[in-house]
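Next comes entry_29.pdb, a file with PDB, C-alpha atoms.
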```
ATOM      1  CA  MET V   1     -12.688  12.660   2.719
ATOM      2  CA  GLU V   2     -14.083  12.960   6.236
ATOM      3  CA  PHE V   3     -14.435   9.173   6.484
ATOM      4  CA  THR V   4     -10.791   8.667   5.501
ATOM      5  CA  ALA V   5      -9.816  11.203   8.168
ATOM      6  CA  LEU V   6     -11.947   9.387  10.770
ATOM      7  CA  PHE V   7     -10.373   6.000   9.946
ATOM      8  CA  LEU V   8      -6.937   7.650  10.153
ATOM      9  CA  ALA V   9      -7.860   9.173  13.521
ATOM     10  CA  VAL V  10      -8.969   5.761  14.876
ATOM     11  CA  THR V  11      -5.689   4.235  13.686
ATOM     12  CA  VAL V  12      -3.772   6.970  15.529
ATOM     13  CA  VAL V  13      -5.876   6.370  18.694
ATOM     14  CA  MET V  14      -5.030   2.646  18.551
ATOM     15  CA  VAL V  15      -1.317   3.309  18.051
ATOM     16  CA  VAL V  16      -1.295   5.791  20.969
ATOM     17  CA  ALA V  17      -3.270   3.309  23.140
ATOM     18  CA  TRP V  18      -0.628   0.662  22.424
ATOM     19  CA  TRP V  19       2.544   2.772  22.647
ATOM     20  CA  GLY V  20       1.656   6.156  24.137
ATOM     21  CA  THR V  21       0.106   7.401  27.351
ATOM     22  CA  ARG V  22      -3.326   6.363  28.573
ATOM     23  CA  THR V  23      -4.512   9.935  29.088
ATOM     24  CA  LEU V  24      -3.609  10.964  25.533
ATOM     25  CA  ALA V  25      -5.315   7.855  24.098
ATOM     26  CA  LEU V  26      -8.523   8.602  26.037
ATOM     27  CA  ALA V  27      -8.477  12.255  24.944
ATOM     28  CA  LEU V  28      -7.947  11.329  21.293
ATOM     29  CA  PHE V  29     -10.706   8.707  21.544
ATOM     30  CA  ALA V  30     -13.157  11.310  22.884
ATOM     31  CA  ALA V  31     -12.245  13.731  20.073
ATOM     32  CA  THR V  32     -12.671  11.003  17.409
ATOM     33  CA  LEU V  33     -16.012   9.862  18.856
ATOM     34  CA  LEU V  34     -17.310  13.432  18.849
ATOM     35  CA  ALA V  35     -16.071  13.920  15.267
ATOM     36  CA  SER V  36     -17.853  10.745  14.103
ATOM     37  CA  ILE V  37     -21.110  11.811  15.805
ATOM     38  CA  ALA V  38     -20.772  15.271  14.194
ATOM     39  CA  THR V  39     -20.257  13.600  10.789
ATOM     40  CA  TYR V  40     -23.371  11.477  11.360
ATOM     41  CA  LEU V  41     -25.475  14.499  12.342
ATOM     42  CA  HIS V  42     -24.197  16.415   9.303
ATOM     43  CA  HIS V  43     -25.281  13.585   6.967
ATOM     44  CA  ALA V  44     -28.525  12.960   8.884
ATOM     45  CA  SER V  45     -29.834  16.247   7.481
ATOM     46  CA  ASP V  46     -29.220  15.115   3.847
ATOM     47  CA  VAL V  47     -32.228  14.781   1.535
ATOM     48  CA  LEU V  48     -33.404  11.158   1.632
ATOM     49  CA  LYS V  49     -33.730   9.235  -1.637
ATOM     50  CA  LEU V  50     -36.315   6.686  -0.621
ATOM     51  CA  SER V  51     -37.595   4.019  -2.984
ATOM     52  CA  PHE V  52     -41.346   4.548  -2.653
TER
ATOM     53  CA  MET R   1     -11.940 -13.388  37.149
ATOM     54  CA  THR R   2      -8.172 -12.832  37.200
ATOM     55  CA  ARG R   3      -6.411  -9.998  35.358
ATOM     56  CA  SER R   4      -4.701 -12.446  33.009
ATOM     57  CA  LEU R   5      -8.003 -14.148  32.099
ATOM     58  CA  ALA R   6      -9.553 -10.720  31.457
ATOM     59  CA  SER R   7      -6.628  -9.859  29.154
ATOM     60  CA  ILE R   8      -7.132 -13.091  27.199
ATOM     61  CA  LEU R   9     -10.870 -12.375  26.853
ATOM     62  CA  ASN R  10     -10.067  -8.832  25.679
ATOM     63  CA  ALA R  11      -7.657 -10.242  23.082
ATOM     64  CA  LEU R  12     -10.417 -12.629  21.933
ATOM     65  CA  GLY R  13     -12.729  -9.614  21.691
ATOM     66  CA  LEU R  14     -10.170  -7.901  19.462
ATOM     67  CA  CYS R  15     -10.158 -10.997  17.218
ATOM     68  CA  ALA R  16     -13.971 -10.886  17.012
ATOM     69  CA  ILE R  17     -13.916  -7.196  15.985
ATOM     70  CA  ALA R  18     -11.153  -7.970  13.452
ATOM     71  CA  LEU R  19     -13.358 -10.742  12.020
ATOM     72  CA  VAL R  20     -16.228  -8.267  11.519
ATOM     73  CA  LEU R  21     -13.948  -5.821   9.676
ATOM     74  CA  ALA R  22     -12.455  -8.680   7.611
ATOM     75  CA  VAL R  23     -15.930  -9.916   6.556
ATOM     76  CA  ALA R  24     -16.889  -6.356   5.556
ATOM     77  CA  PHE R  25     -13.684  -6.144   3.513
ATOM     78  CA  ALA R  26     -14.372  -9.537   1.903
ATOM     79  CA  ALA R  27     -17.869  -8.391   0.854
ATOM     80  CA  GLN R  28     -16.384  -5.190  -0.550
ATOM     81  CA  LEU R  29     -13.688  -6.951  -2.571
ATOM     82  CA  LEU R  30     -15.373 -10.240  -3.573
ATOM     83  CA  LEU R  31     -18.904  -8.920  -4.249
ATOM     84  CA  ASP R  32     -17.621  -5.535  -5.459
ATOM     85  CA  GLU R  33     -20.048  -3.752  -3.115
ATOM     86  CA  LEU R  34     -18.675  -0.411  -2.007
ATOM     87  CA  PRO R  35     -19.726   0.788   1.461
ATOM     88  CA  CYS R  36     -22.049   3.809   1.623
ATOM     89  CA  PRO R  37     -21.292   6.754   3.977
ATOM     90  CA  LEU R  38     -23.479   5.330   6.789
ATOM     91  CA  CYS R  39     -21.861   1.896   6.278
ATOM     92  CA  LEU R  40     -18.418   3.535   6.634
ATOM     93  CA  LEU R  41     -19.510   5.244   9.867
ATOM     94  CA  GLN R  42     -20.564   1.849  11.247
ATOM     95  CA  ARG R  43     -17.202   0.351  10.277
ATOM     96  CA  ILE R  44     -15.472   3.260  12.045
ATOM     97  CA  GLN R  45     -17.458   2.517  15.216
ATOM     98  CA  PHE R  46     -16.509  -1.177  14.998
ATOM     99  CA  ALA R  47     -12.856  -0.101  14.822
ATOM    100  CA  MET R  48     -13.386   2.260  17.786
ATOM    101  CA  LEU R  49     -14.783  -0.663  19.814
ATOM    102  CA  ALA R  50     -11.226  -2.049  19.805
ATOM    103  CA  VAL R  51      -9.702   0.888  21.718
ATOM    104  CA  GLY R  52     -11.021  -0.325  25.114
ATOM    105  CA  PRO R  53      -9.638  -3.883  24.749
ATOM    106  CA  ILE R  54      -6.279  -2.507  23.510
ATOM    107  CA  LEU R  55      -6.055  -0.298  26.633
ATOM    108  CA  ASN R  56      -7.024  -3.295  28.797
ATOM    109  CA  VAL R  57      -4.301  -5.467  27.254
ATOM    110  CA  ARG R  58      -1.675  -2.718  27.603
ATOM    111  CA  PHE R  59      -2.482  -1.158  31.009
ATOM    112  CA  GLY R  60      -4.575  -3.883  32.652
ATOM    113  CA  PRO R  61      -8.388  -3.998  32.921
ATOM    114  CA  ARG R  62     -10.119  -0.835  34.186
ATOM    115  CA  PRO R  63     -13.818   0.104  34.163
ATOM    116  CA  SER R  64     -13.002   3.284  32.205
ATOM    117  CA  HIS R  65     -11.578   1.192  29.339
ATOM    118  CA  TYR R  66     -14.822  -0.776  29.079
ATOM    119  CA  ALA R  67     -16.764   2.529  29.219
ATOM    120  CA  VAL R  68     -14.802   3.767  26.182
ATOM    121  CA  SER R  69     -15.930   0.776  24.131
ATOM    122  CA  LEU R  70     -19.498   1.058  25.430
ATOM    123  CA  PHE R  71     -19.660   4.634  24.099
ATOM    124  CA  ALA R  72     -18.473   3.427  20.669
ATOM    125  CA  ALA R  73     -20.978   0.527  20.699
ATOM    126  CA  ILE R  74     -23.906   2.799  21.585
ATOM    127  CA  ALA R  75     -22.966   5.265  18.813
ATOM    128  CA  GLY R  76     -22.554   2.392  16.335
ATOM    129  CA  ALA R  77     -25.936   0.907  17.289
ATOM    130  CA  ALA R  78     -27.559   4.326  16.754
ATOM    131  CA  PHE R  79     -25.963   4.670  13.284
ATOM    132  CA  ALA R  80     -27.015   1.128  12.304
ATOM    133  CA  ALA R  81     -30.553   1.701  13.634
ATOM    134  CA  ARG R  82     -30.803   4.843  11.486
ATOM    135  CA  GLN R  83     -29.941   2.814   8.366
ATOM    136  CA  VAL R  84     -32.343   0.007   9.311
ATOM    137  CA  LEU R  85     -35.129   2.594   9.700
ATOM    138  CA  LEU R  86     -34.285   4.152   6.310
ATOM    139  CA  HIS R  87     -35.147   0.817   4.651
ATOM    140  CA  ILE R  88     -37.925  -0.424   6.927
ATOM    141  CA  ILE R  89     -40.875   0.363   4.596
ATOM    142  CA  PRO R  90     -42.281  -2.901   3.119
ATOM    143  CA  GLY R  91     -41.107  -3.343  -0.473
ATOM    144  CA  ASP R  92     -37.892  -1.381   0.020
ATOM    145  CA  PRO R  93     -35.067  -3.534  -1.439
ATOM    146  CA  GLY R  94     -32.534  -2.264   1.128
ATOM    147  CA  TYR R  95     -28.934  -1.260   0.457
ATOM    148  CA  GLY R  96     -26.534  -3.885  -0.876
ATOM    149  CA  SER R  97     -27.004  -7.627  -0.765
ATOM    150  CA  ALA R  98     -28.214  -9.640   2.206
ATOM    151  CA  LEU R  99     -26.121 -12.104   4.178
ATOM    152  CA  LEU R 100     -28.150 -14.986   5.659
ATOM    153  CA  GLY R 101     -31.328 -12.973   5.167
ATOM    154  CA  TYR R 102     -30.129  -9.754   6.823
ATOM    155  CA  HIS R 103     -28.474  -6.725   5.250
ATOM    156  CA  TYR R 104     -25.096  -5.651   6.633
ATOM    157  CA  TYR R 105     -26.564  -2.764   8.640
ATOM    158  CA  SER R 106     -28.977  -5.178  10.357
ATOM    159  CA  TRP R 107     -26.015  -7.427  11.228
ATOM    160  CA  ALA R 108     -24.121  -4.330  12.393
ATOM    161  CA  PHE R 109     -26.982  -3.431  14.778
ATOM    162  CA  ILE R 110     -26.971  -6.993  16.150
ATOM    163  CA  GLY R 111     -23.154  -6.830  16.449
ATOM    164  CA  PHE R 112     -23.218  -3.566  18.415
ATOM    165  CA  ALA R 113     -25.996  -4.906  20.676
ATOM    166  CA  VAL R 114     -23.914  -8.037  21.374
ATOM    167  CA  ALA R 115     -20.877  -5.812  22.091
ATOM    168  CA  ILE R 116     -22.886  -3.757  24.613
ATOM    169  CA  LEU R 117     -23.991  -6.955  26.366
ATOM    170  CA  ALA R 118     -20.444  -8.395  26.304
ATOM    171  CA  PHE R 119     -18.798  -5.252  27.759
ATOM    172  CA  ALA R 120     -21.526  -4.961  30.414
ATOM    173  CA  ALA R 121     -21.008  -8.634  31.308
ATOM    174  CA  MET R 122     -17.234  -8.089  31.628
ATOM    175  CA  LEU R 123     -17.889  -5.193  34.039
ATOM    176  CA  LEU R 124     -19.652  -7.629  36.397
ATOM    177  CA  PHE R 125     -16.368  -9.296  37.379
ATOM    178  CA  ASP R 126     -14.658  -7.081  39.958
ATOM    179  CA  GLY R 127     -11.720  -9.440  40.507
ATOM    180  CA  GLN R 128     -10.014  -8.280  37.314
ATOM    181  CA  PHE R 129      -9.785  -4.700  38.675
ATOM    182  CA  ARG R 130      -7.790  -5.645  41.824
ATOM    183  CA  ASP R 131      -4.298  -4.368  41.119
ATOM    184  CA  ASP R 132      -1.691  -6.714  42.578
ATOM    185  CA  GLY R 133       1.081  -4.248  41.730
ATOM    186  CA  LYS R 134       2.579  -6.512  39.088
ATOM    187  CA  GLN R 135       2.446  -5.186  35.522
ATOM    188  CA  GLN R 136       2.049  -8.261  33.317
ATOM    189  CA  PRO R 137       3.405  -7.859  29.786
ATOM    190  CA  ALA R 138       0.972  -8.685  26.977
ATOM    191  CA  GLY R 139       1.346 -12.201  25.608
ATOM    192  CA  ALA R 140       2.072 -13.064  21.971
ATOM    193  CA  PHE R 141      -1.614 -13.767  21.239
ATOM    194  CA  ALA R 142      -2.726 -10.403  22.621
ATOM    195  CA  ARG R 143       0.054  -8.555  20.765
ATOM    196  CA  ALA R 144      -0.930 -10.283  17.504
ATOM    197  CA  ALA R 145      -4.592  -9.368  18.041
ATOM    198  CA  VAL R 146      -3.688  -5.699  18.616
ATOM    199  CA  TRP R 147      -1.497  -5.621  15.498
ATOM    200  CA  LEU R 148      -4.242  -7.288  13.445
ATOM    201  CA  MET R 149      -6.731  -4.586  14.488
ATOM    202  CA  ILE R 150      -4.302  -1.747  13.744
ATOM    203  CA  ALA R 151      -3.478  -3.268  10.331
ATOM    204  CA  LEU R 152      -7.159  -3.747   9.375
ATOM    205  CA  THR R 153      -8.010  -0.178  10.400
ATOM    206  CA  ALA R 154      -5.043   1.172   8.418
ATOM    207  CA  LEU R 155      -6.239  -0.843   5.383
ATOM    208  CA  ASN R 156      -9.621   0.858   5.761
ATOM    209  CA  VAL R 157      -7.846   4.242   5.569
ATOM    210  CA  VAL R 158      -6.422   3.263   2.161
ATOM    211  CA  SER R 159      -9.670   1.666   0.941
ATOM    212  CA  THR R 160     -11.786   4.687   1.950
ATOM    213  CA  LEU R 161      -9.336   7.105   0.346
ATOM    214  CA  LEU R 162      -9.535   5.092  -2.904
ATOM    215  CA  GLU R 163     -13.340   4.945  -2.717
ATOM    216  CA  CYS R 164     -14.124   8.556  -1.780
ATOM    217  CA  GLY R 165     -11.072  10.375  -3.114
ATOM    218  CA  PHE R 166     -10.446  13.857  -1.734
ATOM    219  CA  GLY R 167     -14.061  15.065  -1.996
ATOM    220  CA  ALA R 168     -17.359  14.081  -0.394
ATOM    221  CA  CYS R 169     -18.172  10.365  -0.543
ATOM    222  CA  ALA R 170     -20.976   9.399  -2.949
ATOM    223  CA  ASP R 171     -24.354   8.396  -1.409
ATOM    224  CA  ASN R 172     -24.399   5.251  -3.547
ATOM    225  CA  PRO R 173     -20.777   4.625  -4.580
ATOM    226  CA  LEU R 174     -20.361   2.401  -7.656
ATOM    227  CA  ALA R 175     -16.640   2.793  -8.371
ATOM    228  CA  TYR R 176     -13.436   3.788  -6.611
ATOM    229  CA  GLU R 177     -13.065   7.553  -7.141
ATOM    230  CA  LEU R 178      -9.254   7.505  -7.325
ATOM    231  CA  LEU R 179      -9.179   4.523  -9.722
ATOM    232  CA  LYS R 180     -11.485   6.092 -12.321
ATOM    233  CA  ARG R 181      -9.746   6.825 -15.608
ATOM    234  CA  ALA R 182     -10.114  10.258 -17.130
ATOM    235  CA  PRO R 183     -12.363  10.164 -20.256
TER
END
```

Serialized structure, structure tokens:
Amino acid sequence: MEFTALFLAVTVVMVVAWWGTRTLALALFAATLLASIATYLHHASDVLKLSF
Amino acid sequence: MTRSLASILNALGLCAIALVLAVAFAAQLLLDELPCPLCLLQRIQFAMLAVGPILNVRFGPRPSHYAVSLFAAIAGAAFAARQVLLHIIPGDPGYGSALLGYHYYSWAFIGFAVAILAFAAMLLFDGQFRDDGKQQPAGAFARAAVWLMIALTALNVVSTLLECGFGACADNPLAYELLKRAP
């Protein structure tokens, strides 16, 4: 679900960058980047299923 | 480099990012290989790379717009490097099939590295940042490139919702969660 939300957030950032204000687009971009890094760090602590 | 040439190069950059997302989609649909959570994060970073060029096409080139895309490229390279390292032990078959000898995450790492080099190279040309006071409207090619990127990212919203459903995405997804029939 979080990945769908992130893709949706990027779509919104693009639409704002094209039609909205520059400041809002940059702020939304920063929020989305931080959310994607937080998602990565959350999954980075998952148990690894390695094949050896 | 003039502002108009920089806008054309940014539109070409958008087309290159769109091509990456289209190839990933083609692999997903034609080879029936669903992207894993880390693969999805890399796709998200590829989509985020496009925000800088879109801002450049709309408002004119600025160093801050290139910085935005550099942040996305660095994050994407880190995510791809993590997946490369997960499969680096000799004998590990890797995740998914290989394209021209490299798995998708290896190509993604190369793609993000190329993006970092390309954005850094664009920052070398100061001429594009001299504002002559004239706001040039985006041409048809640039508008089409922006629309293509927005459409491909929106398609990824639908595809990811179908794949993961409303819960956590599977580590090794084999079927679309929302398309599974109840037993």

Checklist entry - What does the distance between atom CA of Ala27 of chain V and atom CA of Met122 of chain R come to in Å, to one decimal place? => result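 It comes out at 23.1 Å.
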
Next on the checklist: I'd like the residues picked by the PyMOL selection byres ((chain V) within 7 of (chain R)) written out as a PyMOL selection string, using the chain letters and numbers from the file.
Outcome noted: chain V and resi 1+3-4+7-8+10-11+14+17-18+51

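Distances to Asn172 of chain R were evaluated for R:Ala26, R:Ala77, R:Cys39, R:Ala6 using only C-alpha atoms, and the minimum falls at R:Cys39.
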
Checklist entry - Can you tell me, as a PyMOL selection string, what residues are no more than 6 Å from segment 109-118 of chain R when counting only C-alpha atoms, ignoring any on the same chain fewer than 2 positions away? => result chain R and resi 70+73+77+80+106-107+120-121

Checklist entry - When distances are computed from only C-alpha atoms, which of R:Met1, R:Ala27, R:Leu21, R:Leu34 shows the smallest separation from Tyr176 of chain R? => result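 Checking each of R:Met1, R:Ala27, R:Leu21, R:Leu34 against Tyr176 of chain R, counting only C-alpha atoms, the winner is R:Leu34.
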
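Pairwise distance (atom CA of Tyr66 of chain R, atom CA of Ala38 of chain V) equals 22.7 Å.
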
Item to check | Between atom CA of Gly96 of chain R and atom CA of Glu33 of chain R, distance in Å (one decimal) | outcome: 6.9 Å

Taking the block just given, write chain V to a file that holds C-alpha atoms, as a CSV table (one decimal), in the first residue's frame.
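And here's out10.csv as it stands now:
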```csv
chain,number,residue,atom,x,y,z
V,1,MET,CA,0.0,0.0,0.0
V,2,GLU,CA,2.8,2.4,0.8
V,3,PHE,CA,4.3,2.0,-2.7
V,4,THR,CA,1.0,2.9,-4.3
V,5,ALA,CA,0.8,5.9,-2.0
V,6,LEU,CA,4.4,6.9,-3.0
V,7,PHE,CA,3.6,6.6,-6.8
V,8,LEU,CA,0.5,8.7,-6.2
V,9,ALA,CA,2.5,11.3,-4.3
V,10,VAL,CA,5.0,11.5,-7.2
V,11,THR,CA,2.2,11.9,-9.7
V,12,VAL,CA,0.8,14.8,-7.6
V,13,VAL,CA,4.3,16.4,-7.4
V,14,MET,CA,4.6,16.2,-11.2
V,15,VAL,CA,1.1,17.7,-11.7
V,16,VAL,CA,1.9,20.5,-9.2
V,17,ALA,CA,5.3,21.1,-10.9
V,18,TRP,CA,3.5,21.5,-14.3
V,19,TRP,CA,0.4,23.5,-13.2
V,20,GLY,CA,1.0,24.8,-9.6
V,21,THR,CA,3.5,26.9,-7.8
V,22,ARG,CA,7.2,26.1,-7.8
V,23,THR,CA,7.5,26.4,-4.0
V,24,LEU,CA,4.7,23.9,-3.4
V,25,ALA,CA,6.2,21.5,-5.9
V,26,LEU,CA,9.6,21.6,-4.2
V,27,ALA,CA,8.0,21.2,-0.8
V,28,LEU,CA,5.9,18.2,-1.9
V,29,PHE,CA,9.0,16.7,-3.6
V,30,ALA,CA,11.0,17.0,-0.3
V,31,ALA,CA,8.2,15.3,1.6
V,32,THR,CA,7.9,12.4,-1.0
V,33,LEU,CA,11.7,11.9,-1.0
V,34,LEU,CA,11.8,11.7,2.8
V,35,ALA,CA,8.8,9.3,2.7
V,36,SER,CA,10.5,7.0,0.2
V,37,ILE,CA,13.8,7.0,2.2
V,38,ALA,CA,11.7,6.2,5.3
V,39,THR,CA,10.0,3.3,3.5
V,40,TYR,CA,13.4,2.0,2.4
V,41,LEU,CA,14.8,2.2,5.9
V,42,HIS,CA,11.7,0.4,7.3
V,43,HIS,CA,12.2,-2.5,4.8
V,44,ALA,CA,16.0,-2.5,5.2
V,45,SER,CA,15.4,-4.0,8.7
V,46,ASP,CA,13.4,-6.9,7.3
V,47,VAL,CA,14.8,-10.5,7.8
V,48,LEU,CA,16.8,-11.4,4.7
V,49,LYS,CA,15.9,-14.6,2.8
V,50,LEU,CA,19.2,-15.3,1.2
V,51,SER,CA,19.8,-18.3,-1.1
V,52,PHE,CA,22.9,-19.8,0.6
```
